[in-house]
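**Student:** You'll find coords34.pdb just under this line, and it carries PDB, C-alpha atoms.
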ATOM      1  CA  SER A   1     186.976-112.599 -67.080
ATOM      2  CA  TRP A   2     187.600-110.849 -63.771
ATOM      3  CA  ALA A   3     189.685-107.668 -63.979
ATOM      4  CA  SER A   4     191.771-108.639 -60.956
ATOM      5  CA  GLY A   5     191.875-112.390 -61.434
ATOM      6  CA  ILE A   6     190.183-114.767 -59.049
ATOM      7  CA  VAL A   7     190.910-112.568 -56.011
ATOM      8  CA  SER A   8     189.470-109.061 -55.626
ATOM      9  CA  ALA A   9     192.471-106.712 -55.505
ATOM     10  CA  GLU A  10     190.575-103.908 -53.788
ATOM     11  CA  ASN A  11     188.776-106.230 -51.369
ATOM     12  CA  SER A  12     185.465-104.737 -52.427
ATOM     13  CA  PRO A  13     182.392-105.751 -50.425
ATOM     14  CA  HIS A  14     180.776-106.403 -53.814
ATOM     15  CA  GLY A  15     183.360-109.019 -54.771
ATOM     16  CA  ARG A  16     185.298-109.309 -58.004
ATOM     17  CA  ASN A  17     184.575-107.114 -61.000
ATOM     18  CA  GLN A  18     184.994-106.900 -64.743
ATOM     19  CA  GLU A  19     185.210-103.539 -66.480
ATOM     20  CA  SER A  20     185.929-103.850 -70.192
ATOM     21  CA  SER A  21     183.703-106.506 -71.703
ATOM     22  CA  SER A  22     185.202-105.764 -75.119
ATOM     23  CA  GLU A  23     188.765-106.477 -73.964
ATOM     24  CA  ALA A  24     187.645-109.910 -72.779
ATOM     25  CA  ILE A  25     185.928-110.488 -76.126
ATOM     26  CA  ALA A  26     189.073-109.436 -78.015
ATOM     27  CA  ALA A  27     191.249-111.755 -75.924
ATOM     28  CA  TYR A  28     189.220-114.795 -76.900
ATOM     29  CA  GLU A  29     188.885-113.572 -80.494
ATOM     30  CA  SER A  30     192.678-113.604 -80.704
ATOM     31  CA  MET A  31     192.743-117.089 -79.165
ATOM     32  CA  ALA A  32     190.325-118.363 -81.811
ATOM     33  CA  LEU A  33     192.313-116.713 -84.599
ATOM     34  CA  PHE A  34     195.581-118.157 -83.292
ATOM     35  CA  GLY A  35     194.083-121.638 -83.258
ATOM     36  CA  LYS A  36     192.733-121.186 -86.773
ATOM     37  CA  VAL A  37     196.083-120.012 -88.156
ATOM     38  CA  MET A  38     198.005-122.810 -86.461
ATOM     39  CA  LYS A  39     195.472-125.346 -87.704
ATOM     40  CA  GLY A  40     196.161-124.195 -91.252
ATOM     41  CA  ILE A  41     199.911-124.511 -90.688
ATOM     42  CA  PHE A  42     199.629-128.026 -89.302
ATOM     43  CA  ALA A  43     197.237-128.983 -92.113
ATOM     44  CA  ASP A  44     200.099-128.346 -94.542
ATOM     45  CA  ASN A  45     202.253-130.709 -92.499
ATOM     46  CA  ASN A  46     200.477-134.038 -92.673
ATOM     47  CA  GLU A  47     202.973-135.620 -90.273
ATOM     48  CA  ASP A  48     201.876-133.557 -87.248
ATOM     49  CA  LEU A  49     198.295-134.636 -86.633
ATOM     50  CA  ASP A  50     198.586-133.920 -82.901
ATOM     51  CA  GLY A  51     199.435-130.297 -83.625
ATOM     52  CA  TYR A  52     196.414-130.001 -85.892
ATOM     53  CA  GLU A  53     194.061-131.475 -83.313
ATOM     54  CA  ILE A  54     195.407-129.260 -80.529
ATOM     55  CA  SER A  55     195.083-126.177 -82.742
ATOM     56  CA  GLU A  56     191.506-127.137 -83.540
ATOM     57  CA  LEU A  57     190.754-127.384 -79.815
ATOM     58  CA  VAL A  58     192.311-123.949 -79.247
ATOM     59  CA  GLU A  59     190.190-122.458 -82.041
ATOM     60  CA  ASP A  60     187.003-124.094 -80.749
ATOM     61  CA  ALA A  61     187.666-123.058 -77.147
ATOM     62  CA  GLY A  62     188.434-119.480 -78.198
ATOM     63  CA  THR A  63     185.281-119.300 -80.306
ATOM     64  CA  LEU A  64     183.130-120.629 -77.464
ATOM     65  CA  LEU A  65     184.583-118.205 -74.910
ATOM     66  CA  MET A  66     184.372-115.286 -77.344
ATOM     67  CA  THR A  67     180.722-116.030 -78.077
ATOM     68  CA  THR A  68     179.981-116.333 -74.365
ATOM     69  CA  GLU A  69     181.558-112.935 -73.703
ATOM     70  CA  VAL A  70     179.616-111.316 -76.573
ATOM     71  CA  GLU A  71     176.345-112.650 -75.200
ATOM     72  CA  ALA A  72     177.323-111.475 -71.704
ATOM     73  CA  ALA A  73     178.096-107.986 -73.038
ATOM     74  CA  HIS A  74     174.665-107.778 -74.633
ATOM     75  CA  ARG A  75     172.996-108.865 -71.433
ATOM     76  CA  TYR A  76     175.004-107.163 -68.690
ATOM     77  CA  TRP A  77     177.066-104.289 -70.167
ATOM     78  CA  HIS A  78     175.023-102.884 -73.053
ATOM     79  CA  VAL A  79     171.865-101.487 -71.504
ATOM     80  CA  TRP A  80     168.850-100.542 -73.631
ATOM     81  CA  SER A  81     165.252-101.513 -74.172
ATOM     82  CA  SER A  82     163.589-102.307 -77.464
ATOM     83  CA  PRO A  83     161.250-104.890 -79.006
ATOM     84  CA  ASN A  84     164.381-106.783 -80.048
ATOM     85  CA  HIS A  85     166.326-106.542 -76.791
ATOM     86  CA  HIS A  86     165.362-107.157 -73.185
ATOM     87  CA  ASN A  87     166.788-104.810 -70.546
ATOM     88  CA  TYR A  88     167.626-106.783 -67.415
ATOM     89  CA  TYR A  89     168.219-103.720 -65.227
ATOM     90  CA  PRO A  90     165.628-101.739 -63.243
ATOM     91  CA  SER A  91     164.445 -98.411 -64.662
ATOM     92  CA  THR A  92     166.427 -96.559 -61.983
ATOM     93  CA  TYR A  93     169.621 -97.507 -63.870
ATOM     94  CA  ASN A  94     169.428 -95.031 -66.751
ATOM     95  CA  LYS A  95     172.860 -95.400 -68.369
ATOM     96  CA  LEU A  96     173.463 -97.186 -71.662
ATOM     97  CA  VAL A  97     176.463 -99.119 -70.363
ATOM     98  CA  VAL A  98     177.737-100.654 -67.162
ATOM     99  CA  GLY A  99     181.254 -99.486 -66.368
ATOM    100  CA  MET A 100     182.108-101.975 -63.630
ATOM    101  CA  LEU A 101     180.115-105.147 -63.091
ATOM    102  CA  TYR A 102     180.704-106.764 -59.706
ATOM    103  CA  GLU A 103     179.432-110.063 -58.417
ATOM    104  CA  THR A 104     176.684-108.244 -56.499
ATOM    105  CA  ALA A 105     176.586-104.745 -58.025
ATOM    106  CA  ALA A 106     176.719-102.741 -61.257
ATOM    107  CA  SER A 107     178.112 -99.213 -61.458
ATOM    108  CA  PHE A 108     178.762 -96.514 -64.042
ATOM    109  CA  GLN A 109     182.448 -95.813 -63.407
ATOM    110  CA  THR A 110     185.994 -97.056 -63.944
ATOM    111  CA  TRP A 111     188.976 -97.216 -61.622
ATOM    112  CA  PHE A 112     191.264 -95.048 -63.798
ATOM    113  CA  ALA A 113     189.293 -91.987 -64.970
ATOM    114  CA  PRO A 114     186.189 -90.090 -63.818
ATOM    115  CA  TYR A 115     184.831 -89.118 -67.230
ATOM    116  CA  PRO A 116     181.673 -90.811 -68.581
ATOM    117  CA  LEU A 117     183.250 -91.373 -72.009
ATOM    118  CA  VAL A 118     185.699 -93.845 -70.430
ATOM    119  CA  SER A 119     182.913 -96.053 -69.095
ATOM    120  CA  TYR A 120     181.436 -96.016 -72.595
ATOM    121  CA  GLY A 121     184.725 -96.411 -74.429
ATOM    122  CA  ILE A 122     186.048 -99.456 -72.600
ATOM    123  CA  GLN A 123     183.091-101.413 -73.952
ATOM    124  CA  LEU A 124     183.967-100.447 -77.549
ATOM    125  CA  LEU A 125     187.624-101.327 -78.064
ATOM    126  CA  PRO A 126     189.432-102.519 -80.058
ATOM    127  CA  LEU A 127     187.954-102.247 -83.560
ATOM    128  CA  THR A 128     188.237-105.824 -84.830
ATOM    129  CA  PRO A 129     185.924-108.109 -86.844
ATOM    130  CA  ILE A 130     184.050-109.386 -83.776
ATOM    131  CA  ALA A 131     182.928-105.818 -83.035
ATOM    132  CA  GLU A 132     180.289-106.312 -85.720
ATOM    133  CA  GLU A 133     178.628-108.890 -83.447
ATOM    134  CA  ARG A 134     179.577-107.093 -80.238
ATOM    135  CA  ASP A 135     178.019-103.676 -80.966
ATOM    136  CA  ASN A 136     174.349-103.776 -81.835
ATOM    137  CA  PRO A 137     173.554-100.923 -84.304
ATOM    138  CA  GLU A 138     170.338-100.085 -82.450
ATOM    139  CA  TRP A 139     172.261 -99.650 -79.192
ATOM    140  CA  ALA A 140     175.053 -97.796 -81.010
ATOM    141  CA  ARG A 141     172.602 -95.242 -82.413
ATOM    142  CA  LEU A 142     171.424 -94.469 -78.888
ATOM    143  CA  LEU A 143     174.949 -94.278 -77.492
ATOM    144  CA  TYR A 144     176.730 -92.343 -80.244
ATOM    145  CA  PRO A 145     175.392 -88.794 -79.559
ATOM    146  CA  ILE A 146     175.966 -89.288 -75.818
ATOM    147  CA  TYR A 147     179.516 -90.515 -76.371
ATOM    148  CA  GLN A 148     180.229 -87.660 -78.782
ATOM    149  CA  GLN A 149     179.018 -85.072 -76.263
ATOM    150  CA  SER A 150     180.986 -86.753 -73.482
ATOM    151  CA  CYS A 151     184.151 -86.419 -75.572
ATOM    152  CA  LYS A 152     183.452 -82.709 -76.019
ATOM    153  CA  ASP A 153     182.852 -82.273 -72.279
ATOM    154  CA  ALA A 154     186.124 -83.929 -71.214
ATOM    155  CA  PRO A 155     188.859 -81.457 -70.207
ATOM    156  CA  ASP A 156     191.588 -80.301 -72.589
ATOM    157  CA  ASP A 157     192.321 -82.869 -75.309
ATOM    158  CA  PHE A 158     191.711 -85.927 -73.124
ATOM    159  CA  CYS A 159     189.459 -87.617 -75.685
ATOM    160  CA  VAL A 160     191.809 -87.144 -78.638
ATOM    161  CA  GLU A 161     195.177 -87.653 -76.955
ATOM    162  CA  ASN A 162     194.071 -90.855 -75.222
ATOM    163  CA  GLY A 163     192.546 -92.438 -78.305
ATOM    164  CA  TRP A 164     188.904 -92.244 -77.285
ATOM    165  CA  SER A 165     188.140 -90.260 -80.426
ATOM    166  CA  ILE A 166     189.295 -93.284 -82.459
ATOM    167  CA  VAL A 167     186.708 -95.371 -80.658
ATOM    168  CA  GLN A 168     184.160 -92.642 -81.407
ATOM    169  CA  THR A 169     184.730 -93.010 -85.160
ATOM    170  CA  GLY A 170     184.027 -96.740 -84.945
ATOM    171  CA  LEU A 171     180.859 -96.137 -82.937
ATOM    172  CA  CYS A 172     179.868 -93.485 -85.474
ATOM    173  CA  ALA A 173     180.144 -96.017 -88.309
ATOM    174  CA  THR A 174     178.199 -98.694 -86.441
ATOM    175  CA  ALA A 175     175.476 -96.139 -85.722
ATOM    176  CA  SER A 176     175.367 -95.101 -89.407
ATOM    177  CA  GLY A 177     176.492 -91.632 -88.420
ATOM    178  CA  LYS A 178     177.777 -88.909 -90.714
ATOM    179  CA  ASP A 179     181.356 -87.767 -91.292
ATOM    180  CA  CYS A 180     182.887 -90.862 -89.641
ATOM    181  CA  LEU A 181     185.815 -91.002 -92.055
ATOM    182  CA  GLU A 182     186.417 -87.268 -91.733
ATOM    183  CA  GLN A 183     186.599 -87.739 -87.969
ATOM    184  CA  ALA A 184     189.178 -90.511 -88.321
ATOM    185  CA  LEU A 185     191.311 -88.474 -90.718
ATOM    186  CA  SER A 186     191.184 -85.407 -88.456
ATOM    187  CA  ILE A 187     192.804 -87.243 -85.531
ATOM    188  CA  PRO A 188     196.505 -86.323 -85.230
ATOM    189  CA  PRO A 189     198.591 -89.129 -86.826
ATOM    190  CA  GLU A 190     200.757 -89.496 -83.734
ATOM    191  CA  VAL A 191     197.742 -90.596 -81.684
ATOM    192  CA  TYR A 192     197.508 -93.776 -83.737
ATOM    193  CA  GLU A 193     201.139 -94.548 -82.966
ATOM    194  CA  THR A 194     200.959 -94.185 -79.184
ATOM    195  CA  ASP A 195     199.480 -96.350 -76.439
ATOM    196  CA  GLY A 196     196.468 -94.050 -76.642
ATOM    197  CA  GLY A 197     195.738 -95.467 -80.071
ATOM    198  CA  MET A 198     194.743 -98.712 -78.334
ATOM    199  CA  GLY A 199     196.216-100.757 -81.161
ATOM    200  CA  ASN A 200     194.027 -99.148 -83.813
ATOM    201  CA  SER A 201     196.090 -97.922 -86.753
ATOM    202  CA  LEU A 202     194.623 -95.388 -89.135
ATOM    203  CA  SER A 203     194.356 -98.045 -91.845
ATOM    204  CA  ASN A 204     192.512-100.389 -89.474
ATOM    205  CA  THR A 205     190.155 -97.586 -88.439
ATOM    206  CA  ILE A 206     189.393 -96.719 -92.068
ATOM    207  CA  TRP A 207     188.834-100.413 -92.836
ATOM    208  CA  PHE A 208     186.392-100.694 -89.940
ATOM    209  CA  ILE A 209     184.421 -97.613 -90.960
ATOM    210  CA  ALA A 210     184.320 -98.574 -94.646
ATOM    211  CA  THR A 211     183.114-102.127 -94.013
ATOM    212  CA  ARG A 212     180.121-101.469 -91.778
ATOM    213  CA  PRO A 213     176.951-103.071 -93.172
ATOM    214  CA  THR A 214     175.362 -99.632 -93.651
ATOM    215  CA  ASP A 215     176.712 -96.668 -95.593
ATOM    216  CA  SER A 216     178.812 -94.332 -93.441
ATOM    217  CA  GLY A 217     180.046 -92.060 -96.204
ATOM    218  CA  SER A 218     181.785 -92.333 -99.548
ATOM    219  CA  ILE A 219     185.346 -93.444 -98.933
ATOM    220  CA  THR A 220     186.445 -92.391-102.417
ATOM    221  CA  GLU A 221     185.274 -88.831-101.826
ATOM    222  CA  ILE A 222     186.827 -88.483 -98.384
ATOM    223  CA  LEU A 223     190.220 -90.171 -98.598
ATOM    224  CA  PRO A 224     193.128 -88.091 -99.895
ATOM    225  CA  SER A 225     194.572 -89.018-103.280
ATOM    226  CA  SER A 226     197.513 -91.407-103.533
ATOM    227  CA  ASN A 227     199.685 -88.499-104.700
ATOM    228  CA  SER A 228     198.763 -86.536-101.586
ATOM    229  CA  ILE A 229     199.581 -89.476 -99.357
ATOM    230  CA  ALA A 230     202.943 -89.980-101.030
ATOM    231  CA  SER A 231     203.864 -86.309-100.788
ATOM    232  CA  ASN A 232     203.255 -85.953 -97.060
ATOM    233  CA  GLY A 233     204.644 -89.351 -96.120
ATOM    234  CA  SER A 234     201.553 -90.487 -94.221
ATOM    235  CA  ASP A 235     201.350 -94.223 -93.584
ATOM    236  CA  TYR A 236     197.850 -95.588 -94.101
TER     237      TYR A 236
END
Now that the file is in, can you turn its structure into structure tokens?
**Tutor:**
Amino acid sequence: SWASGIVSAENSPHGRNQESSSEAIAAYESMALFGKVMKGIFADNNEDLDGYEISELVEDAGTLLMTTEVEAAHRYWHVWSSPNHHNYYPSTYNKLVVGMLYETAASFQTWFAPYPLVSYGIQLLPLTPIAEERDNPEWARLLYPIYQQSCKDAPDDFCVENGWSIVQTGLCATASGKDCLEQALSIPPEVYETDGGMGNSLSNTIWFIATRPTDSGSITEILPSSNSIASNGSDY
């Protein structure tokens, strides 16, 4: 899933590159979901067997490509060593992610921002069901404190205003961190409604945090009451 298509836009000596492994994963996740939904629609219409078969092919192709991208992310973009995971990079590469993977090189950077949190963050969005397979909890526990500090080190309100703090809450939940829901609720509501929200609504973010396999906090203790929500007009 080359960032610039089949031709390298910047004519890099290292060839084509892919930056956000998670965006590629999400693209094929949506393809699989589209095929699944359309298959259900055509199943209700017994007269259109061709539509059903085509939808099934779309779902199967999307699932295959999504799975391939998830496995590629684990191998080439998420970098860590453990008894359960083999690190394919030399010890001289000491980052937990690859920001830009070229045909002949790997680098910790992006083309649009110089801050480390961006190289981390573009491997972690959006927060959708496949993220449970995409983000290994062991890797997330290593990355979370580094990402959190990187957000603090970024100038002004770059992390919050551009939605990277939303991504941080999801990483926090995957890593079984503390105060993940409080973090999500502390983000200004308007951030979720802008391009910086990266498509993650507050309700989707809360869903993601609350449904991680491990406990990330008591949702009933943290969420405001229904009366409070109604009185301030917040849309969850």
**Student:** Exactly which residues make up the result of the PyMOL selection byres ((chain A and resi 91-108) around 6) on this file, given as a list in words?
**Tutor:**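 On the file shown, the PyMOL selection byres ((chain A and resi 91-108) around 6) covers His14, Gly15, Arg16, Asn17, Gln18, Glu19, Trp77, His78, Val79, Pro90, Gln109, Thr110 and Ser119 of chain A.
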**Student:** For A:Pro188, which residue out of A:Glu71, A:Glu132, A:Glu161, A:Glu23 is the nearest one, using only C-alpha atoms?
**Tutor:**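 Going through A:Glu71, A:Glu132, A:Glu161, A:Glu23 one by one, the smallest distance to A:Pro188 is for A:Glu161.
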**Student:** Counting only C-alpha atoms, which of A:Tyr88, A:Phe158, A:Trp164, A:Tyr52 gets nearest to A:Gln123?
**Tutor:**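 That would be A:Trp164, the residue with the smallest distance to A:Gln123.
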**Student:** What does the distance from atom CA of A:Gly121 to atom CA of A:Tyr147 come to in Å, to one decimal?
**Tutor:** 8.1 Å
**Student:** Which residue is closest to A:Gly197? Choose from A:Gly40, A:Gly51, A:Pro145, A:Gly163 and count all atoms listed in the file.
**Tutor:**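 The answer is A:Gly163, which sits nearest to A:Gly197.
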**Student:** Interatomic distance between atom CA of A:Asn204 and atom CA of A:Ala154?
**Tutor:** 25.4 Å
**Student:** Rounded to one decimal in Å, what is the spacing between atom CA of A:Thr211 and atom CA of A:Leu181?
**Tutor:** 11.6 Å
**Student:** If you apply the PyMOL selection byres ((chain A and resi 170) around 8) to this file, what residues do you get, as a PyMOL selection string?
**Tutor:** chain A and resi 127+166-169+171-174+180+205+208-209
**Student:** Nearest to A:Asp153: which of A:Pro189, A:Pro137, A:Pro116, A:Pro13 is it, counting only C-alpha atoms?
**Tutor:**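 Of A:Pro189, A:Pro137, A:Pro116, A:Pro13, the one nearest A:Asp153, counting only C-alpha atoms, is A:Pro116.
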**Student:** Kindly extract all protein, DNA and RNA residues lying within 12 Å of the coordinates (193.7, -128.6, -80.2) given in the file, considering only C-alpha atoms, and supply them as an NGL selection string.
**Tutor:** :A and (31-32 or 34-39 or 42 or 48-62)
